[in-house]
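Colleague: Here's a structure for you.
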Amino acid sequence: MKKMMPWLATMLLAITLIVVVVFVFMQGQNKNDTHTAAAAEEKKMTADEIVEVSSELAQIKTNLADPDRIIMVSFSFSLSDKTAKEDFEKIKSITVKPIIIQALADTKAEELSTAKGMKQFNEKLTGLINEALPEPKLKSTSFSDIVIAPM
């Protein structure tokens, strides 16, 4: 037993050292990811650049999933580049508006009464619109105006 003690201590020390090295390595990986994300966020767009890649769809009126509620809503869309915006402008009335109306028809007023619900709806809508576009270049969708009223 005494002859095995040094070997056991050495093996325990080796295992501990390996775990510490792996832990330090993983922490280093996480720091690199956060620095990369921070660098991407640092590149802010100017107001003119935002206008070049943004589009609006105003005054959509439709029923919600609740039979006694209607909604009047306007949306703003952020696209990936200027040419994507030009293409989007051409088809927003004939392709995007029906998608929005269908999505709103399946949505209850309670789902849109919180910021979290609005964010989830916008993410869902962005995905649905990107599926319908020839090239998915829609970055985000957001409410620019919303009124939910009883009928």
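Lettering and numbering for the structure tokens are positional, with chains as A, B, ... in the shown order, residues counted from 1 in each chain, and ligands counted from 1 in the shown order.
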Can you tell me, as a ChimeraX atom specification, what residues are no more than 8 Å from region 133-141 of chain A when counting only C-alpha atoms, ignoring any on the same chain fewer than 2 positions away?
Modeller: /A:75-81,84,122-123,125-126,129-131,143
Colleague: Considering only strand (DSSP E) as DSSP defines it on the backbone, what residues of region 11-116 of chain A qualify? List them as JSON, numbers by chain.
Modeller: {"A": [54, 55, 56, 57, 58, 59, 60, 61, 62, 63, 69, 70, 71, 72, 73, 74, 75, 76, 77, 78, 79]}
Colleague: Go ahead and dump the residues you just picked, N, CA and C atoms, as a PDB file, in the first residue's frame.
Modeller:
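Result file is selection.pdb:
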```
ATOM      1  N   SER A  54     -33.951  50.438 -44.806  1.00  0.00           N
ATOM      2  CA  SER A  54     -35.215  50.272 -44.079  1.00  0.00           C
ATOM      3  C   SER A  54     -36.406  50.519 -44.995  1.00  0.00           C
ATOM      4  N   SER A  55     -37.488  49.821 -44.686  1.00  0.00           N
ATOM      5  CA  SER A  55     -38.731  49.970 -45.427  1.00  0.00           C
ATOM      6  C   SER A  55     -39.885  49.965 -44.434  1.00  0.00           C
ATOM      7  N   GLU A  56     -40.993  50.585 -44.819  1.00  0.00           N
ATOM      8  CA  GLU A  56     -42.173  50.607 -43.950  1.00  0.00           C
ATOM      9  C   GLU A  56     -43.396  50.108 -44.694  1.00  0.00           C
ATOM     10  N   LEU A  57     -44.272  49.500 -43.942  1.00  0.00           N
ATOM     11  CA  LEU A  57     -45.575  49.083 -44.439  1.00  0.00           C
ATOM     12  C   LEU A  57     -46.591  49.615 -43.445  1.00  0.00           C
ATOM     13  N   ALA A  58     -47.392  50.585 -43.871  1.00  0.00           N
ATOM     14  CA  ALA A  58     -48.247  51.317 -42.943  1.00  0.00           C
ATOM     15  C   ALA A  58     -49.709  50.888 -43.027  1.00  0.00           C
ATOM     16  N   GLN A  59     -50.398  51.086 -41.897  1.00  0.00           N
ATOM     17  CA  GLN A  59     -51.855  50.993 -41.801  1.00  0.00           C
ATOM     18  C   GLN A  59     -52.442  49.669 -42.310  1.00  0.00           C
ATOM     19  N   ILE A  60     -52.051  48.575 -41.704  1.00  0.00           N
ATOM     20  CA  ILE A  60     -52.686  47.292 -41.987  1.00  0.00           C
ATOM     21  C   ILE A  60     -53.795  47.114 -40.951  1.00  0.00           C
ATOM     22  N   LYS A  61     -55.022  46.913 -41.419  1.00  0.00           N
ATOM     23  CA  LYS A  61     -56.167  46.706 -40.527  1.00  0.00           C
ATOM     24  C   LYS A  61     -56.722  45.319 -40.784  1.00  0.00           C
ATOM     25  N   THR A  62     -56.875  44.537 -39.705  1.00  0.00           N
ATOM     26  CA  THR A  62     -57.398  43.181 -39.860  1.00  0.00           C
ATOM     27  C   THR A  62     -57.927  42.675 -38.521  1.00  0.00           C
ATOM     28  N   ASN A  63     -58.593  41.535 -38.556  1.00  0.00           N
ATOM     29  CA  ASN A  63     -59.079  40.888 -37.336  1.00  0.00           C
ATOM     30  C   ASN A  63     -57.967  40.066 -36.714  1.00  0.00           C
ATOM     31  N   ARG A  69     -61.873  41.391 -31.538  1.00  0.00           N
ATOM     32  CA  ARG A  69     -60.750  42.333 -31.552  1.00  0.00           C
ATOM     33  C   ARG A  69     -60.265  42.577 -32.979  1.00  0.00           C
ATOM     34  N   ILE A  70     -59.934  43.834 -33.261  1.00  0.00           N
ATOM     35  CA  ILE A  70     -59.287  44.187 -34.521  1.00  0.00           C
ATOM     36  C   ILE A  70     -57.974  44.884 -34.198  1.00  0.00           C
ATOM     37  N   ILE A  71     -57.110  44.925 -35.186  1.00  0.00           N
ATOM     38  CA  ILE A  71     -55.803  45.539 -35.000  1.00  0.00           C
ATOM     39  C   ILE A  71     -55.510  46.455 -36.182  1.00  0.00           C
ATOM     40  N   MET A  72     -54.913  47.586 -35.887  1.00  0.00           N
ATOM     41  CA  MET A  72     -54.380  48.478 -36.906  1.00  0.00           C
ATOM     42  C   MET A  72     -52.899  48.611 -36.584  1.00  0.00           C
ATOM     43  N   VAL A  73     -52.062  48.230 -37.531  1.00  0.00           N
ATOM     44  CA  VAL A  73     -50.638  48.123 -37.247  1.00  0.00           C
ATOM     45  C   VAL A  73     -49.810  48.606 -38.435  1.00  0.00           C
ATOM     46  N   SER A  74     -48.644  49.135 -38.127  1.00  0.00           N
ATOM     47  CA  SER A  74     -47.648  49.497 -39.131  1.00  0.00           C
ATOM     48  C   SER A  74     -46.343  48.819 -38.749  1.00  0.00           C
ATOM     49  N   PHE A  75     -45.575  48.427 -39.745  1.00  0.00           N
ATOM     50  CA  PHE A  75     -44.319  47.730 -39.513  1.00  0.00           C
ATOM     51  C   PHE A  75     -43.169  48.467 -40.174  1.00  0.00           C
ATOM     52  N   SER A  76     -41.991  48.317 -39.585  1.00  0.00           N
ATOM     53  CA  SER A  76     -40.766  48.753 -40.242  1.00  0.00           C
ATOM     54  C   SER A  76     -39.882  47.521 -40.410  1.00  0.00           C
ATOM     55  N   PHE A  77     -39.182  47.486 -41.530  1.00  0.00           N
ATOM     56  CA  PHE A  77     -38.354  46.339 -41.880  1.00  0.00           C
ATOM     57  C   PHE A  77     -36.922  46.798 -42.104  1.00  0.00           C
ATOM     58  N   SER A  78     -35.988  46.031 -41.595  1.00  0.00           N
ATOM     59  CA  SER A  78     -34.571  46.297 -41.801  1.00  0.00           C
ATOM     60  C   SER A  78     -34.016  45.204 -42.703  1.00  0.00           C
ATOM     61  N   LEU A  79     -33.456  45.623 -43.827  1.00  0.00           N
ATOM     62  CA  LEU A  79     -32.940  44.661 -44.795  1.00  0.00           C
ATOM     63  C   LEU A  79     -31.410  44.682 -44.807  1.00  0.00           C
TER      64      LEU A  79
END
```
Colleague: Would you please work out which residue, of A:Ala132, A:Val19, A:Ala65, A:Thr10, is nearest to Leu112 (chain A) when using only C-alpha atoms?
Modeller: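 Going through A:Ala132, A:Val19, A:Ala65, A:Thr10 one by one, the smallest distance to Leu112 (chain A) is for A:Ala65.
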Colleague: So how many Å separate CA of Ser142 (chain A) and CA of Asp66 (chain A), to one decimal?
Modeller: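 Those two atoms sit 22.0 Å apart.
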Colleague: Give me every helix (DSSP H, G or I) residue in region 38-92 of chain A, going by DSSP on the backbone, as a list in words.
Modeller: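 The residues of region 38-92 of chain A classed as helix (DSSP H, G or I) are Ala38, Ala39, Ala40, Glu41, Glu42, Ala47, Asp48, Glu49, Ile50, Val51, Glu52, Lys82, Thr83, Ala84, Lys85, Glu86, Asp87, Phe88, Glu89, Lys90, Ile91 and Lys92 of chain A.
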Colleague: Which one is closest to Met151 (chain A): A:Leu64, A:Leu12, A:Leu128, A:Val24? Count only C-alpha atoms.
Modeller: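 Under the stated criterion, the closest residue is A:Leu64.
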Colleague: Take CA of Val53 (chain A) and CA of Lys85 (chain A) and report the distance between them in Å, one decimal.
Modeller: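 Straight-line distance from CA of Val53 (chain A) to CA of Lys85 (chain A) works out to 5.6 Å.
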